[in-house]
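The structure file data-v1.csv is reproduced below (CSV, C-alpha atoms and all ligand atoms).
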chain,number,residue,atom,x,y,z
A,929,MET,CA,-9.4,-1.7,-6.8
A,930,LYS,CA,-8.1,-2.8,-3.5
A,931,ILE,CA,-7.1,-0.4,-0.8
A,932,PHE,CA,-4.1,-1.0,1.4
A,933,LEU,CA,-3.0,1.1,4.4
A,934,ASP,CA,0.4,2.6,4.2
A,935,SER,CA,1.2,2.6,7.9
A,936,ALA,CA,2.7,0.7,10.8
A,937,HIS,CA,0.5,2.4,13.4
A,938,ILE,CA,-1.3,-0.4,15.1
A,939,GLU,CA,-4.4,1.6,16.2
A,940,ASP,CA,-4.9,2.9,12.7
A,941,ILE,CA,-4.4,-0.6,11.2
A,942,LYS,CA,-7.0,-2.1,13.5
A,943,LYS,CA,-9.5,0.7,12.8
A,944,ALA,CA,-9.1,0.6,9.1
A,945,TYR,CA,-9.3,-3.2,9.0
A,946,ASP,CA,-12.3,-3.4,11.3
A,947,MET,CA,-14.0,-0.8,9.0
A,948,GLY,CA,-13.6,-3.2,6.1
A,949,ALA,CA,-11.7,-0.5,4.3
A,950,ILE,CA,-8.4,-2.3,3.7
A,951,SER,CA,-7.2,-5.7,2.6
A,952,GLY,CA,-3.5,-5.2,3.1
A,953,VAL,CA,-0.8,-3.1,4.8
A,954,THR,CA,2.4,-1.6,3.3
A,955,THR,CA,5.3,-0.3,5.3
A,956,ASN,CA,8.7,1.1,4.5
A,957,PRO,CA,11.7,2.0,6.8
A,958,SER,CA,10.5,5.6,7.3
A,959,ILE,CA,7.0,4.4,8.3
A,960,ILE,CA,8.5,1.9,10.7
A,961,SER,CA,10.7,4.6,12.2
A,962,ARG,CA,7.7,6.7,13.3
A,963,GLU,CA,6.5,4.0,15.7
A,964,ASN,CA,9.5,3.8,17.9
A,965,ARG,CA,9.3,0.0,18.2
A,966,LYS,CA,11.3,-3.0,17.1
A,967,PHE,CA,10.6,-3.9,13.5
A,968,GLU,CA,10.1,-7.6,14.3
A,969,ASP,CA,7.6,-6.8,17.0
A,970,LEU,CA,5.6,-4.5,14.8
A,971,LEU,CA,5.6,-6.9,11.9
A,972,ASN,CA,4.4,-9.7,14.2
A,973,GLU,CA,1.6,-7.6,15.5
A,974,ILE,CA,0.6,-6.3,12.0
A,975,THR,CA,0.5,-9.9,10.6
A,976,SER,CA,-1.7,-11.0,13.5
A,977,ILE,CA,-4.2,-8.3,12.6
A,978,ILE,CA,-4.2,-8.6,8.8
A,979,VAL,CA,-4.7,-12.4,8.9
A,980,ASP,CA,-6.1,-12.7,5.4
A,981,GLY,CA,-4.1,-10.2,3.4
A,982,PRO,CA,-0.6,-9.2,2.4
A,983,VAL,CA,1.7,-7.2,4.7
A,984,PHE,CA,4.6,-5.5,2.8
A,985,ALA,CA,7.9,-5.3,4.6
A,986,GLU,CA,11.0,-3.7,3.0
A,987,VAL,CA,14.6,-4.8,3.1
A,988,LEU,CA,17.3,-2.4,4.1
A,989,SER,CA,20.3,-3.8,2.3
A,990,VAL,CA,21.4,-2.1,-1.0
A,991,ASP,CA,23.4,-5.0,-2.3
A,992,ALA,CA,21.7,-8.0,-4.0
A,993,GLU,CA,23.1,-10.7,-1.6
A,994,GLY,CA,22.0,-8.7,1.5
A,995,MET,CA,18.5,-8.1,0.0
A,996,ILE,CA,18.2,-11.8,-0.7
A,997,GLU,CA,19.2,-12.8,2.8
A,998,GLU,CA,16.9,-10.3,4.4
A,999,GLY,CA,14.1,-11.2,2.0
A,1000,ARG,CA,14.3,-14.9,2.9
A,1001,ARG,CA,14.3,-14.0,6.6
A,1002,LEU,CA,11.2,-11.7,6.3
A,1003,ALA,CA,9.3,-14.3,4.2
A,1004,LYS,CA,9.8,-16.9,6.9
A,1005,LYS,CA,7.9,-14.9,9.4
A,1006,SER,CA,4.5,-15.3,7.8
A,1007,LYS,CA,3.0,-16.6,4.6
A,1008,ASN,CA,1.3,-13.1,4.2
A,1009,ILE,CA,4.6,-11.2,4.0
A,1010,VAL,CA,5.4,-9.5,0.7
A,1011,VAL,CA,9.1,-8.6,0.5
A,1012,LYS,CA,9.7,-5.1,-0.8
A,1013,ILE,CA,12.9,-4.7,-2.8
A,1014,PRO,CA,14.0,-1.3,-4.0
A,1015,MET,CA,14.0,-0.8,-7.8
A,1016,ILE,CA,17.7,-0.3,-8.2
A,1017,PRO,CA,19.9,-2.4,-10.5
A,1018,GLU,CA,21.1,-4.5,-7.5
A,1019,GLY,CA,17.4,-5.0,-6.6
A,1020,LEU,CA,16.5,-6.8,-9.8
A,1021,LYS,CA,18.8,-9.7,-9.0
A,1022,ALA,CA,17.2,-10.0,-5.6
A,1023,VAL,CA,13.7,-9.9,-7.2
A,1024,LYS,CA,14.7,-12.7,-9.6
A,1025,THR,CA,16.2,-14.9,-7.0
A,1026,LEU,CA,13.5,-14.4,-4.3
A,1027,SER,CA,10.6,-14.8,-6.7
A,1028,SER,CA,12.2,-18.0,-8.2
A,1029,GLU,CA,12.2,-19.4,-4.7
A,1030,GLY,CA,8.4,-18.7,-4.5
A,1031,ILE,CA,8.7,-15.6,-2.3
A,1032,THR,CA,6.2,-12.9,-3.2
A,1033,VAL,CA,8.1,-9.7,-4.1
A,1034,CYS,CA,7.1,-6.1,-4.6
A,1035,ASN,CA,9.6,-3.9,-6.5
A,1036,THR,CA,9.2,-0.5,-4.8
A,1037,VAL,CA,10.3,3.1,-5.5
A,1038,VAL,CA,9.3,2.8,-9.1
A,1039,PHE,CA,9.5,6.1,-10.9
A,1040,SER,CA,9.3,5.1,-14.6
A,1041,ALA,CA,7.6,2.7,-16.9
A,1042,SER,CA,10.9,1.2,-18.0
A,1043,GLN,CA,11.6,0.3,-14.4
A,1044,ALA,CA,8.2,-1.4,-14.2
A,1045,ILE,CA,8.9,-3.4,-17.3
A,1046,LEU,CA,12.2,-4.7,-15.9
A,1047,SER,CA,10.5,-5.5,-12.5
A,1048,ALA,CA,7.9,-7.6,-14.2
A,1049,ASN,CA,10.5,-9.4,-16.3
A,1050,ALA,CA,12.6,-10.1,-13.2
A,1051,GLY,CA,9.5,-11.8,-11.6
A,1052,ALA,CA,8.0,-9.2,-9.3
A,1053,SER,CA,4.4,-9.9,-8.2
A,1054,TYR,CA,3.9,-6.2,-7.5
A,1055,VAL,CA,5.4,-2.9,-8.7
A,1056,ALA,CA,4.9,0.2,-6.7
A,1057,PRO,CA,5.0,3.5,-8.6
A,1058,PHE,CA,5.2,6.5,-6.3
A,1059,VAL,CA,2.4,8.9,-7.4
A,1060,GLY,CA,2.7,11.8,-5.0
A,1061,ARG,CA,6.5,12.0,-5.1
A,1062,LEU,CA,6.3,12.4,-8.8
A,1063,ASP,CA,3.7,15.2,-8.5
A,1064,ASP,CA,6.0,16.8,-5.9
A,1065,ILE,CA,8.7,17.3,-8.6
A,1066,GLY,CA,6.3,18.6,-11.2
A,1067,GLU,CA,5.8,15.3,-13.0
A,1068,ASP,CA,2.5,13.5,-13.2
A,1069,GLY,CA,2.3,10.4,-11.0
A,1070,LEU,CA,-1.1,9.4,-12.3
A,1071,CYS,CA,0.2,9.5,-15.9
A,1072,LEU,CA,2.9,7.0,-14.9
A,1073,CYS,CA,0.4,4.6,-13.5
A,1074,GLN,CA,-1.7,4.8,-16.6
A,1075,GLU,CA,1.4,4.2,-18.8
A,1076,ILE,CA,2.3,1.1,-16.7
A,1077,ARG,CA,-1.3,-0.1,-16.8
A,1078,ASP,CA,-1.4,0.3,-20.6
A,1079,ILE,CA,2.0,-1.6,-21.0
A,1080,PHE,CA,1.0,-4.4,-18.7
A,1081,ASP,CA,-2.3,-4.8,-20.5
A,1082,ALA,CA,-0.8,-4.7,-24.0
A,1083,GLN,CA,1.8,-7.3,-23.0
A,1084,GLY,CA,-0.5,-9.5,-20.9
A,1085,ILE,CA,1.7,-9.0,-17.8
A,1086,ASP,CA,0.0,-10.0,-14.6
A,1087,THR,CA,2.3,-8.2,-12.2
A,1088,LYS,CA,0.0,-6.1,-10.0
A,1089,ILE,CA,0.3,-2.3,-9.8
A,1090,VAL,CA,0.2,-1.1,-6.2
A,1091,ALA,CA,0.1,2.7,-6.5
A,1092,ALA,CA,2.0,4.2,-3.6
A,1093,SER,CA,2.6,7.7,-2.3
A,1094,VAL,CA,-1.1,8.4,-2.7
A,1095,ARG,CA,-2.0,11.8,-1.2
A,1096,HIS,CA,-5.7,12.4,-1.5
A,1097,PRO,CA,-9.1,10.9,-2.6
A,1098,VAL,CA,-8.9,12.3,-6.1
A,1099,HIS,CA,-5.7,10.3,-6.6
A,1100,VAL,CA,-7.7,7.2,-5.5
A,1101,ASN,CA,-10.6,7.8,-7.8
A,1102,SER,CA,-8.3,8.3,-10.8
A,1103,LEU,CA,-6.3,5.2,-10.0
A,1104,ALA,CA,-9.5,3.1,-9.7
A,1105,LYS,CA,-10.8,4.4,-13.1
A,1106,MET,CA,-7.6,3.5,-14.9
A,1107,GLY,CA,-7.7,-0.1,-13.5
A,1108,VAL,CA,-4.8,0.0,-11.1
A,1109,ASP,CA,-5.0,-3.1,-8.9
A,1110,ILE,CA,-4.2,-1.6,-5.5
A,1111,ALA,CA,-3.7,1.9,-4.0
A,1112,THR,CA,-1.9,2.2,-0.7
A,1113,MET,CA,-2.5,5.3,1.3
A,1114,PRO,CA,-2.2,6.8,4.8
A,1115,PHE,CA,-5.1,6.5,7.3
A,1116,LYS,CA,-5.9,10.2,6.8
A,1117,VAL,CA,-6.8,9.6,3.1
A,1118,ILE,CA,-9.1,6.6,4.0
A,1119,MET,CA,-10.9,8.9,6.5
A,1120,GLN,CA,-11.1,11.7,3.9
A,1121,MET,CA,-12.7,9.1,1.5
A,1122,ALA,CA,-15.2,8.0,4.1
A,1123,THR,CA,-16.2,11.5,5.2
A,1124,ASN,CA,-18.6,13.9,3.5
A,1125,PRO,CA,-20.2,16.9,5.2
A,1126,ASN,CA,-23.5,16.2,3.4
A,1127,SER,CA,-23.6,12.6,4.8
A,1128,GLN,CA,-23.0,14.1,8.3
A,1129,ARG,CA,-25.7,16.7,7.8
A,1130,ALA,CA,-28.2,14.1,6.5
A,1131,VAL,CA,-27.7,11.9,9.6
A,1132,GLU,CA,-28.1,14.9,11.9
A,1133,GLY,CA,-31.3,15.9,10.0
A,1134,PHE,CA,-32.8,12.4,10.3
A,1135,LEU,CA,-32.1,12.3,14.0
A,1136,LYS,CA,-33.6,15.7,14.5
A,1137,ASP,CA,-36.8,14.7,12.6
A,1138,TRP,CA,-37.0,11.5,14.5
A,1139,GLU,CA,-37.5,13.5,17.6
A,1140,LYS,CA,-40.9,14.5,16.2
A,1141,VAL,CA,-42.1,10.9,15.8
A,1142,PRO,CA,-44.5,9.9,18.6
A,1143,LYS,CA,-42.8,7.2,20.7
A,1144,GLU,CA,-45.9,5.9,22.5
A,1201,LIG,C1,4.9,2.7,-0.4
A,1201,LIG,O1,4.6,1.6,0.0
A,1201,LIG,C2,5.5,3.8,0.3
A,1201,LIG,O2,5.5,3.3,1.7
A,1201,LIG,C3,4.8,5.1,0.3
A,1201,LIG,O3,3.5,5.0,-0.3
A,1201,LIG,C4,5.6,6.3,0.2
A,1201,LIG,O4,4.8,7.4,0.3
A,1201,LIG,P1,5.2,8.9,0.7
A,1201,LIG,O5,5.6,9.6,-0.5
A,1201,LIG,O6,4.0,9.5,1.3
A,1201,LIG,O7,6.3,8.7,1.7

Could you write out this structure as structure tokens?
Amino acid sequence: MKIFLDSAHIEDIKKAYDMGAISGVTTNPSIISRENRKFEDLLNEITSIIVDGPVFAEVLSVDAEGMIEEGRRLAKKSKNIVVKIPMIPEGLKAVKTLSSEGITVCNTVVFSASQAILSANAGASYVAPFVGRLDDIGEDGLCLCQEIRDIFDAQGIDTKIVAASVRHPVHVNSLAKMGVDIATMPFKVIMQMATNPNSQRAVEGFLKDWEKVPKE
């Protein structure tokens, strides 16, 4: 399973990319708003860091024509841009049009398997179920991902599942086990995955013991 960083924070993107932890970046309008910079500038900088992987950028229009126009504009910026279209009925027309033009599209804010089926039929290359936000309302985000995985496998659908709204390492392990293609997560979760107090203690122990080794 690939790991993407769900962030537009340049320092975190550089760190995670240099660590070899991520192979793509996802953003949304809320994530962009946290950086207090122009969307275009941020996007240019992110695509110059992630040279060999997808960078997901979301449209803001809520009508199909507007989404199509924005999607075409975003796609022109870099061959690595994946256009995120919200999974609302108007969005499906935009998914169909943009993907038929060869633009890579992710249908985002997916909260049900039925929505994922429609996304795939409309031509989305990616669907993004929101795991944590379902958990927040007492539903099971991981169950939804499993359901979509089962349906796509049963139907031979090659639309990739990019699990979003991932909140902790246990989410990531479960998603990997069920064969989800990608999990996108905040930098904090990547660091939680990389960190274990036993590893830290082991390194400290080795260094301490090394002091006893004769150096001459
Ligand atoms: C997906 O690409 C979204 O940006 C994201 O994962 C939303 O997550 P949140 O529920 O943490 O805002």

Problem - Within 12 Å of A:Ser1027 using only C-alpha atoms, minus same-chain residues under 2 positions, as JSON, numbers by chain - result: {"A": [996, 999, 1000, 1003, 1010, 1011, 1012, 1013, 1019, 1020, 1021, 1022, 1023, 1024, 1025, 1029, 1030, 1031, 1032, 1033, 1034, 1035, 1047, 1048, 1049, 1050, 1051, 1052, 1053, 1054, 1087]}

Problem - Nearest residue to ligand LIG 1201 (chain A) from the set A:Pro1114, A:Gly1084, A:Pro982, A:Gly994 (distances using only C-alpha atoms and all ligand atoms) - result: A:Pro1114

Exercise for the section: Select the residues contacting ligand LIG 1201 (chain A) at a distance of at most 6 Å, based on only C-alpha atoms and all ligand atoms, then format the selection as a list in words. Expected result: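 The residues near ligand LIG 1201 (chain A) are Asp934, Thr954, Thr955, Asn956, Gly1060, Arg1061, Ala1092 and Ser1093 of chain A.
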
Using only C-alpha atoms, please write the residues we just selected to a file, as a CSV table (one decimal), in the coordinates of the input.
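The result, written out as again_36.csv:
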chain,number,residue,atom,x,y,z
A,934,ASP,CA,0.4,2.6,4.2
A,954,THR,CA,2.4,-1.6,3.3
A,955,THR,CA,5.3,-0.3,5.3
A,956,ASN,CA,8.7,1.1,4.5
A,1060,GLY,CA,2.7,11.8,-5.0
A,1061,ARG,CA,6.5,12.0,-5.1
A,1092,ALA,CA,2.0,4.2,-3.6
A,1093,SER,CA,2.6,7.7,-2.3

Practice task
Considering all atoms listed in the file, state which residue in the set A:Ile1089, A:Ile1110, A:Val1098, A:Leu988 is at the smallest distance from A:Val1038.
Solution key: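 Nearest candidate to A:Val1038 out of A:Ile1089, A:Ile1110, A:Val1098, A:Leu988: A:Ile1089.
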
Contacts of stretch 957-1036 of chain A with stretch 945-951 of chain A up to 12 Å, shortest pair per row, all atoms listed in the file, as a Markdown table:
| residue | atom | partner | partner_atom | distance |
| --- | --- | --- | --- | --- |
| A:Ile974 | CA | A:Tyr945 | CA | 10.8 |
| A:Thr975 | CA | A:Ser951 | CA | 11.9 |
| A:Ser976 | CA | A:Tyr945 | CA | 11.8 |
| A:Ile977 | CA | A:Tyr945 | CA | 8.1 |
| A:Ile978 | CA | A:Tyr945 | CA | 7.4 |
| A:Val979 | CA | A:Ser951 | CA | 9.5 |
| A:Asp980 | CA | A:Ser951 | CA | 7.6 |
| A:Gly981 | CA | A:Ser951 | CA | 5.5 |
| A:Pro982 | CA | A:Ser951 | CA | 7.5 |
| A:Val983 | CA | A:Ser951 | CA | 9.3 |
| A:Phe984 | CA | A:Ser951 | CA | 11.8 |
| A:Asn1008 | CA | A:Ser951 | CA | 11.4 |

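Pairwise distance (atom CA of A:Gln1043, atom CA of A:Ile1118) equals 28.4 Å.
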
Practice task
Enter the distance from atom CA of A:Glu939 to atom CA of A:Gln1128, in Å, rounded to one decimal.
Solution key: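 Going from atom CA of A:Glu939 over to atom CA of A:Gln1128, I get 23.8 Å.
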
Exercise for the section: Compile the contact shell of A:Ala936 as a ChimeraX atom specification: residues with an atom at most 12 Å away, counting only C-alpha atoms, same-chain residues fewer than 5 positions apart removed. Expected result: /A:941-942,944,952-975,977-978,983-985,1113-1115

Practice task
For A:Cys1071, work out the shell of residues within 12 Å, counting only C-alpha atoms and skipping chain neighbours fewer than 5 positions away, then give it as a list in words.
Solution key: Phe1039, Ser1040, Ala1041, Pro1057, Phe1058, Val1059, Gly1060, Leu1062, Asp1063, Gly1066, Ile1076, Arg1077, Asp1078, Ala1091, His1099, Ser1102, Leu1103, Met1106 and Val1108 of chain A

Exercise for the section: Would you mind reading off the distance between atom CA of A:Ile1016 and atom CA of A:Glu998, one decimal, in Å? Expected result: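 Going from atom CA of A:Ile1016 over to atom CA of A:Glu998 covers 16.1 Å.
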
Exercise for the section: Compare A:Met995, A:Ala1044, A:Ile1065, A:Ala1111 by their minimum atom-to-atom distance to A:Glu1018, counting all atoms listed in the file, and give me the closest one. Expected result: A:Met995

Problem - Contacts of A:Pro1017 at 10 Å (all atoms listed in the file; same-chain gap of 6+ positions) as a PyMOL selection string - result: chain A and resi 990-992+1043+1046

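With distances taken over all atoms listed in the file, A:Asp940 is the one residue among A:Asp940, A:Met929, A:Asp1086, A:Ile1009 lying closest to A:Lys1116.
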
Practice task
Could you check which of A:Leu1002, A:Ile938, A:Val1090, A:Ile1045 is closest to A:Leu1026, using all atoms listed in the file?
Solution key: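 Using all atoms listed in the file, the shortest distance to A:Leu1026 belongs to A:Leu1002.
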